[in-house]
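Raw contents of target03.cif, mmCIF, C-alpha atoms:
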```
data_upload
#
loop_
_atom_site.label_atom_id
_atom_site.label_comp_id
_atom_site.auth_asym_id
_atom_site.auth_seq_id
_atom_site.Cartn_x
_atom_site.Cartn_y
_atom_site.Cartn_z
CA MET A 11 86.42 103.18 73.55
CA LYS A 12 83.05 104.71 74.33
CA PRO A 13 79.76 102.86 74.77
CA PRO A 14 77.16 102.97 71.99
CA ARG A 15 73.88 104.83 72.64
CA PHE A 16 71.27 103.40 75.00
CA ASP A 17 68.35 104.57 77.11
CA TYR A 18 69.01 104.41 80.85
CA VAL A 19 66.60 103.62 83.69
CA ARG A 20 67.45 103.49 87.37
CA VAL A 21 64.89 101.25 89.11
CA GLU A 22 63.96 101.29 92.77
CA SER A 23 62.44 97.83 93.09
CA ILE A 24 62.51 94.28 91.74
CA GLU A 25 59.01 94.80 90.36
CA GLN A 26 60.08 97.77 88.24
CA ALA A 27 63.08 95.87 86.87
CA VAL A 28 61.01 92.79 86.06
CA GLU A 29 58.37 94.95 84.34
CA LEU A 30 61.01 96.59 82.14
CA LEU A 31 62.58 93.23 81.31
CA ALA A 32 59.16 91.90 80.28
CA GLN A 33 58.75 94.92 77.98
CA HIS A 34 62.21 95.00 76.41
CA GLY A 35 63.42 91.36 76.64
CA ASP A 36 66.83 90.84 75.07
CA GLU A 37 67.01 94.47 73.90
CA ALA A 38 67.71 95.33 77.55
CA ARG A 39 70.70 94.63 79.79
CA VAL A 40 70.69 94.78 83.57
CA ILE A 41 73.57 96.71 85.12
CA ALA A 42 74.43 96.32 88.83
CA GLY A 43 78.10 97.08 89.56
CA GLY A 44 78.99 97.16 85.88
CA GLN A 45 82.50 95.77 86.43
CA SER A 46 82.03 93.23 83.63
CA LEU A 47 79.30 94.92 81.60
CA MET A 48 80.91 98.38 81.35
CA PRO A 49 84.11 97.04 79.71
CA MET A 50 81.88 95.13 77.26
CA LEU A 51 79.92 98.31 76.55
CA ASN A 52 83.10 100.36 76.16
CA MET A 53 84.43 97.81 73.68
CA ARG A 54 80.99 97.64 72.04
CA LEU A 55 80.79 93.89 72.47
CA VAL A 56 77.19 94.42 73.63
CA ARG A 57 74.76 97.01 72.26
CA PRO A 58 71.61 97.11 74.39
CA GLN A 59 68.75 99.50 73.62
CA VAL A 60 68.02 99.96 77.32
CA LEU A 61 70.23 99.74 80.37
CA ILE A 62 68.35 98.86 83.57
CA ASP A 63 70.34 99.97 86.64
CA ILE A 64 69.45 97.91 89.73
CA ALA A 65 72.31 99.14 91.96
CA LYS A 66 70.10 101.52 93.97
CA ALA A 67 67.16 99.13 94.53
CA ALA A 68 67.22 98.66 98.33
CA GLU A 69 65.62 95.19 98.25
CA LEU A 70 68.42 93.94 95.95
CA SER A 71 71.10 94.64 98.52
CA GLY A 72 71.74 92.86 101.82
CA ILE A 73 72.68 89.55 103.42
CA LYS A 74 70.46 87.31 105.56
CA ALA A 75 71.46 84.15 107.38
CA ASN A 76 68.59 81.79 108.07
CA GLY A 77 68.43 78.15 109.25
CA LYS A 78 70.66 76.34 106.79
CA ALA A 79 71.59 78.95 104.21
CA VAL A 80 72.92 82.43 103.67
CA SER A 81 70.75 84.41 101.30
CA ILE A 82 72.48 87.26 99.49
CA ALA A 83 70.54 89.83 97.49
CA ALA A 84 71.90 89.87 93.94
CA ALA A 85 73.20 93.46 93.85
CA THR A 86 75.13 93.16 97.13
CA THR A 87 78.71 94.21 96.39
CA GLN A 88 81.53 91.73 96.73
CA ASN A 89 83.19 93.98 99.31
CA ALA A 90 79.97 94.27 101.35
CA LEU A 91 79.93 90.46 101.52
CA LEU A 92 83.63 90.41 102.41
CA ARG A 93 82.93 92.81 105.30
CA TRP A 94 79.89 90.82 106.51
CA GLN A 95 80.50 89.64 110.08
CA GLY A 96 79.04 86.17 109.57
CA LEU A 97 81.24 85.34 106.57
CA ARG A 98 84.04 83.47 108.34
CA ALA A 99 81.65 81.33 110.39
CA HIS A 100 79.04 80.51 107.73
CA LEU A 101 80.88 80.79 104.40
CA PRO A 102 84.58 80.23 105.16
CA LEU A 103 85.27 79.32 101.51
CA LEU A 104 84.03 82.72 100.35
CA ALA A 105 86.17 84.44 102.98
CA GLN A 106 89.17 82.82 101.24
CA ALA A 107 88.01 83.30 97.64
CA LEU A 108 86.53 86.83 97.59
CA PRO A 109 89.86 88.70 97.97
CA HIS A 110 90.91 87.11 94.65
CA ILE A 111 88.05 88.76 92.71
CA GLY A 112 89.61 91.66 90.79
CA HIS A 113 90.95 94.43 93.02
CA PHE A 114 89.43 96.17 96.04
CA GLN A 115 88.43 99.06 93.75
CA THR A 116 86.40 96.73 91.49
CA ARG A 117 84.98 94.77 94.45
CA ASN A 118 83.59 98.08 95.76
CA ARG A 119 81.22 98.10 92.76
CA GLY A 120 81.17 94.50 91.51
CA THR A 121 78.23 92.47 92.80
CA VAL A 122 77.65 88.85 93.79
CA GLY A 123 74.76 88.35 91.34
CA GLY A 124 76.54 90.23 88.57
CA SER A 125 79.57 87.97 88.69
CA LEU A 126 77.37 84.85 88.64
CA CYS A 127 75.24 86.12 85.73
CA HIS A 128 78.36 87.11 83.77
CA ALA A 129 79.42 83.44 84.15
CA ASP A 130 83.09 83.73 83.26
CA PRO A 131 84.56 80.19 83.43
CA SER A 132 87.54 81.40 85.50
CA SER A 133 85.57 83.53 88.01
CA GLU A 134 85.72 82.80 91.70
CA LEU A 135 82.03 83.17 92.67
CA PRO A 136 80.70 80.68 90.07
CA LEU A 137 83.39 78.25 91.30
CA CYS A 138 82.27 78.64 94.93
CA LEU A 139 78.58 78.38 93.99
CA ALA A 140 79.32 75.12 92.14
CA LEU A 141 81.33 73.59 94.99
CA LEU A 142 78.85 74.59 97.70
CA GLU A 143 75.84 73.62 95.53
CA GLY A 144 74.26 77.04 95.89
CA VAL A 145 71.07 78.21 94.24
CA VAL A 146 70.24 81.27 92.12
CA GLU A 147 66.74 82.73 92.45
CA LEU A 148 65.28 84.24 89.27
CA ARG A 149 62.23 86.46 89.01
CA SER A 150 60.12 87.40 86.02
CA ARG A 151 56.52 88.40 85.42
CA ARG A 152 55.91 84.67 84.88
CA GLY A 153 56.96 83.89 88.45
CA THR A 154 59.96 82.85 90.53
CA ARG A 155 62.23 79.88 89.96
CA ARG A 156 65.31 78.59 91.71
CA LEU A 157 68.14 77.00 89.77
CA ALA A 158 70.95 74.90 91.22
CA ALA A 159 74.46 76.05 90.27
CA ARG A 160 74.91 73.33 87.65
CA ASP A 161 71.58 74.13 85.98
CA PHE A 162 72.25 77.90 86.12
CA GLN A 163 75.67 78.18 84.50
CA VAL A 164 75.52 76.25 81.24
CA GLY A 165 78.66 77.41 79.41
CA VAL A 166 81.13 80.19 78.67
CA LEU A 167 79.45 83.50 79.64
CA THR A 168 76.13 81.64 79.35
CA THR A 169 73.47 80.96 81.95
CA ALA A 170 69.95 79.49 81.86
CA LYS A 171 68.54 82.90 82.82
CA GLN A 172 65.95 83.99 80.24
CA ALA A 173 65.90 87.50 78.77
CA ASP A 174 62.90 88.52 80.90
CA GLU A 175 64.36 87.16 84.15
CA LEU A 176 66.22 89.01 86.89
CA ALA A 177 68.54 87.26 89.34
CA THR A 178 67.25 88.46 92.72
CA ARG A 179 68.91 86.33 95.39
CA ILE A 180 71.74 83.86 95.74
CA HIS A 181 71.46 81.11 98.36
CA PHE A 182 74.65 79.54 99.69
CA PRO A 183 74.29 76.55 102.07
CA LYS A 184 76.03 77.26 105.38
CA ALA A 185 79.26 75.33 105.88
CA PRO A 186 78.68 72.07 107.80
CA GLU A 187 80.38 72.14 111.21
CA ASP A 188 82.92 69.44 110.33
CA ALA A 189 83.76 70.86 106.89
CA VAL A 190 87.28 72.02 106.02
CA PHE A 191 87.86 74.21 102.94
CA ALA A 192 90.77 75.20 100.76
CA PHE A 193 90.98 77.70 97.91
CA LYS A 194 93.86 77.89 95.41
CA GLU A 195 94.32 80.15 92.44
CA PHE A 196 97.09 80.61 89.89
CA HIS A 197 97.29 83.98 88.15
CA ARG A 198 100.04 86.15 86.64
CA ARG A 199 99.29 89.10 88.92
CA HIS A 200 96.99 89.42 91.93
CA GLY A 201 93.53 90.38 90.69
CA ASP A 202 93.97 89.04 87.16
CA PHE A 203 91.67 86.37 85.80
CA ALA A 204 92.62 82.97 87.17
CA VAL A 205 94.50 80.68 84.81
CA VAL A 206 93.22 77.88 87.05
CA ALA A 207 91.27 78.19 90.31
CA LEU A 208 90.31 75.37 92.66
CA ALA A 209 88.10 75.01 95.70
CA ALA A 210 88.09 71.94 97.93
CA MET A 211 85.82 70.80 100.74
CA ARG A 212 86.31 67.87 103.07
CA CYS A 213 83.73 66.34 105.43
CA GLY A 214 85.25 63.36 107.22
CA ASN A 215 86.78 61.23 104.46
CA ALA A 216 84.62 62.66 101.66
CA VAL A 217 86.37 65.21 99.44
CA ARG A 218 84.75 67.46 96.86
CA LEU A 219 86.81 69.50 94.39
CA ALA A 220 85.72 72.25 91.97
CA VAL A 221 87.94 73.53 89.15
CA GLY A 222 87.52 76.77 87.23
CA GLY A 223 89.46 78.22 84.31
CA VAL A 224 89.83 74.96 82.36
CA GLY A 225 86.41 73.80 81.16
CA ASP A 226 83.53 75.93 79.83
CA ARG A 227 82.24 76.29 83.38
CA PRO A 228 83.33 75.20 86.86
CA GLU A 229 83.28 71.41 87.18
CA VAL A 230 82.92 69.43 90.41
CA ARG A 231 83.98 65.91 91.42
CA SER A 232 83.51 64.04 94.70
CA TRP A 233 85.50 61.16 96.09
CA CYS A 234 85.37 59.12 99.28
CA GLY A 235 88.32 57.71 101.20
CA LEU A 236 90.98 58.85 98.69
CA GLN A 237 94.54 58.24 99.85
CA GLY A 238 98.09 58.17 98.56
CA SER A 239 98.52 57.58 94.83
CA ALA A 240 94.74 57.28 94.38
CA ILE A 241 94.59 61.07 94.85
CA ASP A 242 97.04 61.59 91.98
CA ASP A 243 95.12 59.16 89.75
CA ALA A 244 91.79 60.86 90.52
CA LEU A 245 93.24 64.33 89.81
CA ASN A 246 94.84 63.16 86.57
CA GLU A 247 91.55 61.68 85.36
CA PHE A 248 89.69 64.87 86.36
CA ALA A 249 92.27 67.08 84.60
CA TRP A 250 91.81 65.17 81.31
CA GLN A 251 88.00 65.20 81.61
CA LEU A 252 87.96 69.02 81.85
CA GLY A 253 88.89 69.40 78.19
CA GLY A 254 90.80 72.67 78.43
CA SER A 255 92.18 74.47 75.41
CA ASP A 256 95.23 76.59 74.57
CA ASP A 257 95.00 80.38 74.77
CA ILE A 258 97.38 83.32 75.24
CA HIS A 259 97.56 82.71 79.00
CA ALA A 260 98.41 79.00 79.07
CA THR A 261 98.31 75.79 77.07
CA ALA A 262 95.80 73.03 77.85
CA ARG A 263 98.69 70.84 78.96
CA TYR A 264 99.89 73.50 81.43
CA ARG A 265 96.37 73.87 82.81
CA ARG A 266 96.11 70.09 83.34
CA GLU A 267 99.39 70.21 85.24
CA LEU A 268 98.06 73.06 87.40
CA VAL A 269 94.96 70.99 88.19
CA ARG A 270 97.12 68.03 89.23
CA HIS A 271 99.56 70.13 91.27
CA MET A 272 97.19 72.59 92.94
CA GLY A 273 94.57 69.86 93.37
CA ARG A 274 97.06 67.91 95.45
CA LEU A 275 97.88 71.02 97.53
CA ALA A 276 94.20 71.85 98.06
CA ILE A 277 93.26 68.34 99.11
CA ALA A 278 96.30 68.13 101.40
CA GLU A 279 95.33 71.43 103.01
CA THR A 280 91.93 70.02 104.01
CA ALA A 281 93.44 66.81 105.45
CA PRO A 282 93.02 66.35 109.22
CA MET B 9 61.70 105.45 87.97
CA ASN B 10 62.57 107.71 85.10
CA LEU B 11 63.75 106.61 81.65
CA LEU B 12 66.58 108.81 80.35
CA GLU B 13 66.54 108.82 76.55
CA SER B 14 69.72 107.94 74.69
CA ASN B 15 70.05 110.99 72.44
CA ILE B 16 69.27 113.69 75.02
CA ARG B 17 71.68 115.32 77.44
CA HIS B 18 70.32 115.05 80.97
CA LEU B 19 71.05 117.18 84.02
CA VAL B 20 73.42 115.46 86.46
CA ARG B 21 74.16 116.91 89.91
CA PHE B 22 76.51 115.71 92.62
CA THR B 23 79.16 117.02 94.99
CA LEU B 24 82.75 117.09 93.75
CA ASN B 25 85.30 117.47 96.54
CA GLY B 26 82.60 119.01 98.73
CA ALA B 27 81.25 121.54 96.21
CA GLN B 28 77.92 121.13 94.46
CA VAL B 29 78.44 120.68 90.69
CA GLU B 30 76.18 120.03 87.73
CA GLY B 31 76.36 119.41 84.03
CA TYR B 32 74.64 117.64 81.16
CA ALA B 33 75.29 114.10 79.98
CA GLU B 34 73.88 111.60 77.51
CA PRO B 35 73.28 108.27 79.30
CA ARG B 36 76.31 106.72 77.56
CA LEU B 37 78.78 109.38 78.76
CA LEU B 38 81.44 107.85 81.02
CA LEU B 39 82.03 109.50 84.40
CA THR B 40 85.71 110.02 83.47
CA ASP B 41 84.70 112.06 80.41
CA PHE B 42 82.09 113.99 82.39
CA LEU B 43 84.66 114.95 85.04
CA ARG B 44 87.29 115.94 82.49
CA HIS B 45 85.34 117.48 79.62
CA GLU B 46 82.12 118.72 81.22
CA LEU B 47 83.53 119.87 84.58
CA GLY B 48 87.16 120.51 83.55
CA ALA B 49 88.47 118.36 86.41
CA THR B 50 91.34 116.90 84.38
CA GLY B 51 93.29 115.52 87.34
CA THR B 52 91.50 112.20 86.88
CA HIS B 53 93.36 110.39 84.10
CA VAL B 54 92.03 108.05 81.42
CA GLY B 55 94.10 104.96 80.74
CA CYS B 56 92.66 101.68 79.55
CA GLU B 57 88.93 102.47 79.71
CA HIS B 58 88.09 98.94 80.81
CA GLY B 59 88.91 98.92 84.50
CA VAL B 60 92.36 97.34 84.40
CA CYS B 61 94.90 100.16 84.79
CA GLY B 62 93.39 102.13 87.69
CA ALA B 63 94.45 105.59 86.41
CA CYS B 64 90.84 106.88 86.60
CA THR B 65 90.21 105.74 90.20
CA ILE B 66 88.13 108.20 92.26
CA LEU B 67 86.22 108.00 95.54
CA LEU B 68 82.46 107.46 95.26
CA ASP B 69 80.78 108.00 98.63
CA GLY B 70 84.15 107.30 100.26
CA ARG B 71 84.98 104.12 98.30
CA ALA B 72 87.59 103.83 95.55
CA VAL B 73 86.04 102.96 92.18
CA ARG B 74 86.94 103.08 88.49
CA SER B 75 85.37 106.16 86.96
CA CYS B 76 85.74 104.63 83.46
CA LEU B 77 83.36 101.84 84.52
CA MET B 78 80.61 104.24 85.58
CA LEU B 79 78.22 106.46 83.71
CA ALA B 80 77.84 110.10 84.65
CA VAL B 81 74.08 109.59 85.09
CA GLN B 82 74.76 106.91 87.73
CA VAL B 83 76.34 109.35 90.20
CA GLU B 84 73.37 111.72 90.49
CA GLY B 85 73.25 112.79 94.15
CA ALA B 86 76.53 111.10 95.09
CA ALA B 87 79.64 112.50 96.81
CA ILE B 88 82.68 112.26 94.52
CA GLU B 89 86.27 112.94 95.55
CA THR B 90 89.11 113.33 93.06
CA ILE B 91 92.79 114.23 93.15
CA GLU B 92 91.84 117.93 93.02
CA GLY B 93 90.43 117.62 96.55
CA LEU B 94 93.37 115.85 98.13
CA ALA B 95 95.67 118.77 99.04
CA GLN B 96 95.20 120.55 102.36
CA GLU B 97 93.16 123.74 102.60
CA ASP B 98 96.26 125.96 102.48
CA GLY B 99 97.33 124.21 99.26
CA GLY B 100 100.03 122.18 100.99
CA PHE B 101 100.49 118.47 100.32
CA SER B 102 98.44 115.89 102.22
CA PRO B 103 100.57 113.33 104.13
CA LEU B 104 100.12 110.87 101.26
CA GLN B 105 101.20 113.41 98.63
CA GLN B 106 104.12 114.49 100.81
CA ALA B 107 105.32 110.89 101.11
CA PHE B 108 105.15 110.43 97.31
CA HIS B 109 107.14 113.65 96.88
CA GLU B 110 109.83 112.63 99.35
CA ASN B 111 110.19 109.06 98.06
CA PHE B 112 110.37 109.99 94.34
CA ALA B 113 107.30 107.77 93.93
CA LEU B 114 106.35 109.10 90.52
CA GLN B 115 108.02 109.78 87.22
CA CYS B 116 105.57 110.58 84.41
CA GLY B 117 102.75 110.95 86.94
CA TYR B 118 100.04 109.43 84.77
CA CYS B 119 99.09 106.71 87.25
CA THR B 120 99.57 108.90 90.33
CA PRO B 121 96.05 110.35 90.79
CA GLY B 122 94.52 106.85 90.64
CA ILE B 123 97.07 105.48 93.11
CA LEU B 124 96.59 108.37 95.55
CA MET B 125 92.79 108.02 95.49
CA SER B 126 93.02 104.22 95.88
CA MET B 127 95.43 104.54 98.80
CA THR B 128 93.28 107.21 100.46
CA GLU B 129 90.60 104.58 101.02
CA TYR B 130 93.11 101.80 101.66
CA LEU B 131 95.03 103.61 104.43
CA ARG B 132 91.80 104.75 106.07
CA ASP B 133 90.73 101.09 106.43
CA ASN B 134 94.25 99.68 106.97
CA PRO B 135 96.30 102.20 108.98
CA ASN B 136 99.19 99.83 109.64
CA PRO B 137 99.76 97.62 106.58
CA THR B 138 102.77 95.39 105.91
CA LYS B 139 104.89 95.77 102.78
CA LYS B 140 103.29 92.64 101.32
CA GLU B 141 99.75 93.92 102.00
CA VAL B 142 100.61 97.22 100.29
CA ARG B 143 101.87 95.32 97.24
CA VAL B 144 98.58 93.38 97.00
CA ALA B 145 96.57 96.59 97.49
CA LEU B 146 98.58 98.21 94.67
CA SER B 147 97.82 95.39 92.23
CA GLY B 148 94.86 97.35 90.90
CA ASN B 149 97.00 100.28 89.73
CA LEU B 150 99.48 99.95 86.88
CA CYS B 151 102.64 102.07 86.89
CA ARG B 152 105.06 101.60 83.99
CA CYS B 153 107.81 103.96 85.21
CA THR B 154 108.79 103.34 88.78
CA GLY B 155 108.93 99.58 89.31
CA TYR B 156 106.74 100.21 92.39
CA HIS B 157 109.53 100.15 95.00
CA GLU B 158 109.34 103.88 95.68
CA ILE B 159 105.53 103.79 95.63
CA VAL B 160 105.45 101.02 98.24
CA ASN B 161 107.95 102.95 100.39
CA ALA B 162 105.89 106.14 100.04
CA ILE B 163 102.69 104.38 101.12
CA LEU B 164 104.41 102.86 104.16
CA ASP B 165 105.78 106.32 105.04
CA ALA B 166 102.37 107.90 104.55
CA ALA B 167 100.76 105.26 106.77
CA LYS B 168 103.29 106.09 109.50
CA ALA B 169 102.73 109.85 109.12
CA LEU B 170 98.95 109.39 109.25
CA ARG B 171 99.20 107.23 112.37
CA GLU B 172 101.36 109.88 114.07
CA GLU B 173 98.94 112.60 112.99
CA ASP B 174 96.06 110.53 114.37
CA GLY B 175 97.89 109.89 117.63
CA ALA B 176 98.66 113.60 118.04
CA SER B 177 95.08 114.73 117.44
CA SER B 178 93.40 112.22 119.79
#
```

In structure tokens, write the structure found in this file.
Amino acid sequence: MKPPRFDYVRVESIEQAVELLAQHGDEARVIAGGQSLMPMLNMRLVRPQVLIDIAKAAELSGIKANGKAVSIAAATTQNALLRWQGLRAHLPLLAQALPHIGHFQTRNRGTVGGSLCHADPSSELPLCLALLEGVVELRSRRGTRRLAARDFQVGVLTTAKQADELATRIHFPKAPEDAVFAFKEFHRRHGDFAVVALAAMRCGNAVRLAVGGVGDRPEVRSWCGLQGSAIDDALNEFAWQLGGSDDIHATARYRRELVRHMGRLAIAETAP
Amino acid sequence: MNLLESNIRHLVRFTLNGAQVEGYAEPRLLLTDFLRHELGATGTHVGCEHGVCGACTILLDGRAVRSCLMLAVQVEGAAIETIEGLAQEDGGFSPLQQAFHENFALQCGYCTPGILMSMTEYLRDNPNPTKKEVRVALSGNLCRCTGYHEIVNAILDAAKALREEDGASS
């Protein structure tokens, strides 16, 4: 398992990366941490002509908290975010979810933007972005645009990012003061891909739930004033709407049961 | 910004266990293969080649990473540490190696270099872990011989030895 041949460029700025993407389009692939792309290269599932390495571009690394949001440069590693001092206060959901991404050795390289652009339906960061209604900022020679989570991730391993665009920043809204979060994941072994992952947020009597690992991308539902058996009914309806399928890890039926069971636990955990 | 062409071997320089090293690599050459075949540092093992098994784990600027998920050209100028640099200057075992030796924490030894490098970073950041925390930290390294019990015991012993060593020196 060795990668096919490609040219390699290490860029120092967003501008250089965007220029190369404009030149090479879909012949090029951007590599940041490479924790998803390198396995795909090793297995020759992708065969780019040019690999554009953004990991050393200083402006693509770092975390800034401003008024209402936390803005994370795309090539910030998952472990750098996990070590960020403001995480627990501003993004408590991510403080719970990040330790589930791979292993600490892969989080040392794996990046926030990389995971979102890879768009695996069972990944933790796309799930959190969907629940928190975060925004991905894309740059190309044509300009800058910001896409909401649901407009960014459109399917399995598929985003709305064009071939000449670079994800530069991710904006997560800061947690509202009265918000309570819960994160649940079922996997065979810590660090494996989630069979089903859920994130819940409660503000007063409004509950929002995101589910990953079942549909083609994380799906979100919101309810108000749910109580008792109405919670079970809502979760059952949601589980059927997700349209999961059978694979080697679990059947669709098993996944629906996980949504119902872990959904109940997650919602209960946020209850006052 | 410098484009490295696919079919040419390019000069790559970095420090390996404190010594300056250099060699030539096509852009597609994995760091594992560069360490083993170009530099002859065969202590780093190659397992799955897609980041799952952890056998190839090394330290890159002090952080544990998979060397099968990196290209040799990416580590230009970096500081790399491998199993070859773990023993003490007189050739004696480091506290972590000693604990593995005493607890019978290896059989075939294939996974051992990756586990030792992973735990070098882990114990530096977490000097007093619980058994459960060690088990989670070990999830990124597959061992098919031992059943992990002896490895977990060795890491807890090593943590204790390192704490005592730290206490004695300060």

Next item on the list: Enter the distance from atom CA of A:Gly225 to atom CA of A:Arg160, in Å, rounded to one decimal.
Entry: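 If I compute the distance from atom CA of A:Gly225 to atom CA of A:Arg160, I get 13.2 Å.
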
Next item on the list: May I ask for the distance between atom CA of A:Gly77 and atom CA of A:Arg98, given in Å to one decimal place?
Entry: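 A separation of 16.5 Å between them.
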
Next item on the list: Report the residues retrieved by the PyMOL selection byres ((chain A) within 8 of (chain B)) from the displayed file, expressed as a list in words.
Entry: Met11, Lys12, Pro13, Pro14, Arg15, Phe16, Asp17, Tyr18, Val19, Arg20, Val21, Glu22, Gln26, Gly44, Gln45, Met48, Pro49, Asn52, Gly112, His113, Phe114, Gln115, Thr116, Asn118, Arg119, Arg199, His200 and Gly201 of chain A

Quick check on the file I pasted: which residues fall under the PyMOL selection byres ((chain B and resi 106) around 12)? Write them as an mmCIF file with C-alpha atoms, in the frame of the given file.
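This went into expr.cif:
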```
data_model
loop_
_atom_site.group_PDB
_atom_site.id
_atom_site.type_symbol
_atom_site.label_atom_id
_atom_site.label_comp_id
_atom_site.auth_asym_id
_atom_site.auth_seq_id
_atom_site.Cartn_x
_atom_site.Cartn_y
_atom_site.Cartn_z
ATOM 1 C CA LEU B 94 93.370 115.850 98.130
ATOM 2 C CA ALA B 95 95.670 118.770 99.040
ATOM 3 C CA GLN B 96 95.200 120.550 102.360
ATOM 4 C CA GLY B 99 97.330 124.210 99.260
ATOM 5 C CA GLY B 100 100.030 122.180 100.990
ATOM 6 C CA PHE B 101 100.490 118.470 100.320
ATOM 7 C CA SER B 102 98.440 115.890 102.220
ATOM 8 C CA PRO B 103 100.570 113.330 104.130
ATOM 9 C CA LEU B 104 100.120 110.870 101.260
ATOM 10 C CA GLN B 105 101.200 113.410 98.630
ATOM 11 C CA ALA B 107 105.320 110.890 101.110
ATOM 12 C CA PHE B 108 105.150 110.430 97.310
ATOM 13 C CA HIS B 109 107.140 113.650 96.880
ATOM 14 C CA GLU B 110 109.830 112.630 99.350
ATOM 15 C CA ASN B 111 110.190 109.060 98.060
ATOM 16 C CA PHE B 112 110.370 109.990 94.340
ATOM 17 C CA ALA B 113 107.300 107.770 93.930
ATOM 18 C CA LEU B 114 106.350 109.100 90.520
ATOM 19 C CA LEU B 124 96.590 108.370 95.550
ATOM 20 C CA ILE B 159 105.530 103.790 95.630
ATOM 21 C CA ALA B 162 105.890 106.140 100.040
ATOM 22 C CA ILE B 163 102.690 104.380 101.120
ATOM 23 C CA ASP B 165 105.780 106.320 105.040
ATOM 24 C CA ALA B 166 102.370 107.900 104.550
ATOM 25 C CA ALA B 167 100.760 105.260 106.770
ATOM 26 C CA ALA B 169 102.730 109.850 109.120
ATOM 27 C CA LEU B 170 98.950 109.390 109.250
#
```

Check: Just so the selection is clear, what residues does the PyMOL selection byres ((chain A and resi 87-93) around 6) cover here, as a list in words?
Finding: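 When the PyMOL selection byres ((chain A and resi 87-93) around 6) is applied to the shown file, the picked residues are Thr86, Trp94, Arg117, Asn118, Arg119, Gly120, Thr121 and Val122 of chain A.
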
Margin query: Report as a ChimeraX atom specification all protein, DNA and RNA residues lying within 10 Å of A:His197, evaluated on all atoms listed in the file, omitting residues in the same chain fewer than 4 positions from it.
Written below: /A:110,201-207,259

Atoms to include: C-alpha atoms. Write the selected residues as a PDB file, in the coordinates of the input.
```
ATOM      1  CA  HIS A 110      90.910  87.110  94.650  1.00  0.00           C
ATOM      2  CA  GLY A 201      93.530  90.380  90.690  1.00  0.00           C
ATOM      3  CA  ASP A 202      93.970  89.040  87.160  1.00  0.00           C
ATOM      4  CA  PHE A 203      91.670  86.370  85.800  1.00  0.00           C
ATOM      5  CA  ALA A 204      92.620  82.970  87.170  1.00  0.00           C
ATOM      6  CA  VAL A 205      94.500  80.680  84.810  1.00  0.00           C
ATOM      7  CA  VAL A 206      93.220  77.880  87.050  1.00  0.00           C
ATOM      8  CA  ALA A 207      91.270  78.190  90.310  1.00  0.00           C
ATOM      9  CA  HIS A 259      97.560  82.710  79.000  1.00  0.00           C
TER      10      HIS A 259
END
```

Any idea what's packed within 8 Å of stretch 78-84 of chain A, counting all atoms listed in the file, ignoring anything in its chain fewer than 4 positions away? Could you give it as a PDB file with C-alpha atoms, in the frame of the given file?
```
ATOM      1  CA  GLU A  69      65.620  95.190  98.250  1.00  0.00           C
ATOM      2  CA  LEU A  70      68.420  93.940  95.950  1.00  0.00           C
ATOM      3  CA  SER A  71      71.100  94.640  98.520  1.00  0.00           C
ATOM      4  CA  GLY A  72      71.740  92.860 101.820  1.00  0.00           C
ATOM      5  CA  ILE A  73      72.680  89.550 103.420  1.00  0.00           C
ATOM      6  CA  LYS A  74      70.460  87.310 105.560  1.00  0.00           C
ATOM      7  CA  HIS A 100      79.040  80.510 107.730  1.00  0.00           C
ATOM      8  CA  THR A 121      78.230  92.470  92.800  1.00  0.00           C
ATOM      9  CA  VAL A 122      77.650  88.850  93.790  1.00  0.00           C
ATOM     10  CA  GLY A 123      74.760  88.350  91.340  1.00  0.00           C
ATOM     11  CA  GLY A 124      76.540  90.230  88.570  1.00  0.00           C
ATOM     12  CA  ALA A 177      68.540  87.260  89.340  1.00  0.00           C
ATOM     13  CA  THR A 178      67.250  88.460  92.720  1.00  0.00           C
ATOM     14  CA  ARG A 179      68.910  86.330  95.390  1.00  0.00           C
ATOM     15  CA  ILE A 180      71.740  83.860  95.740  1.00  0.00           C
ATOM     16  CA  HIS A 181      71.460  81.110  98.360  1.00  0.00           C
ATOM     17  CA  PHE A 182      74.650  79.540  99.690  1.00  0.00           C
ATOM     18  CA  PRO A 183      74.290  76.550 102.070  1.00  0.00           C
ATOM     19  CA  LYS A 184      76.030  77.260 105.380  1.00  0.00           C
TER      20      LYS A 184
END
```

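Across the model, the gap from atom CA of A:Ala159 to atom CA of A:Gly235 is 25.5 Å.
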
Checklist line | Residue neighbourhood B:Leu19, 7 Å, only C-alpha atoms, exclusion window fewer than 5 positions, as JSON, numbers by chain | finding: {"B": [30, 31, 32, 33]}

Margin query: When you count all atoms listed in the file, which of these residues is closest to A:Met211: A:Asp188, A:Asp256, A:Glu229, A:Glu134?
Written below: A:Asp188

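Closest to A:Arg263 among A:Val224, A:Gly43, A:Ala281, A:Leu275 is A:Val224, based on only C-alpha atoms.
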
Margin query: I need the residue nearest B:Asp133 from this list: B:Cys61, B:Ala49, B:Gly70, B:Tyr118. Use all atoms listed in the file for the distance.
Written below: B:Gly70

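The point (73.4, 83.3, 85.9) has these residues within 8 Å of it, counting all atoms listed in the file: Gly123, Leu126, Cys127, His128, Ala129, Val146, Phe162, Gln163, Thr168, Thr169, Ala170, Lys171 and Ala177 of chain A.
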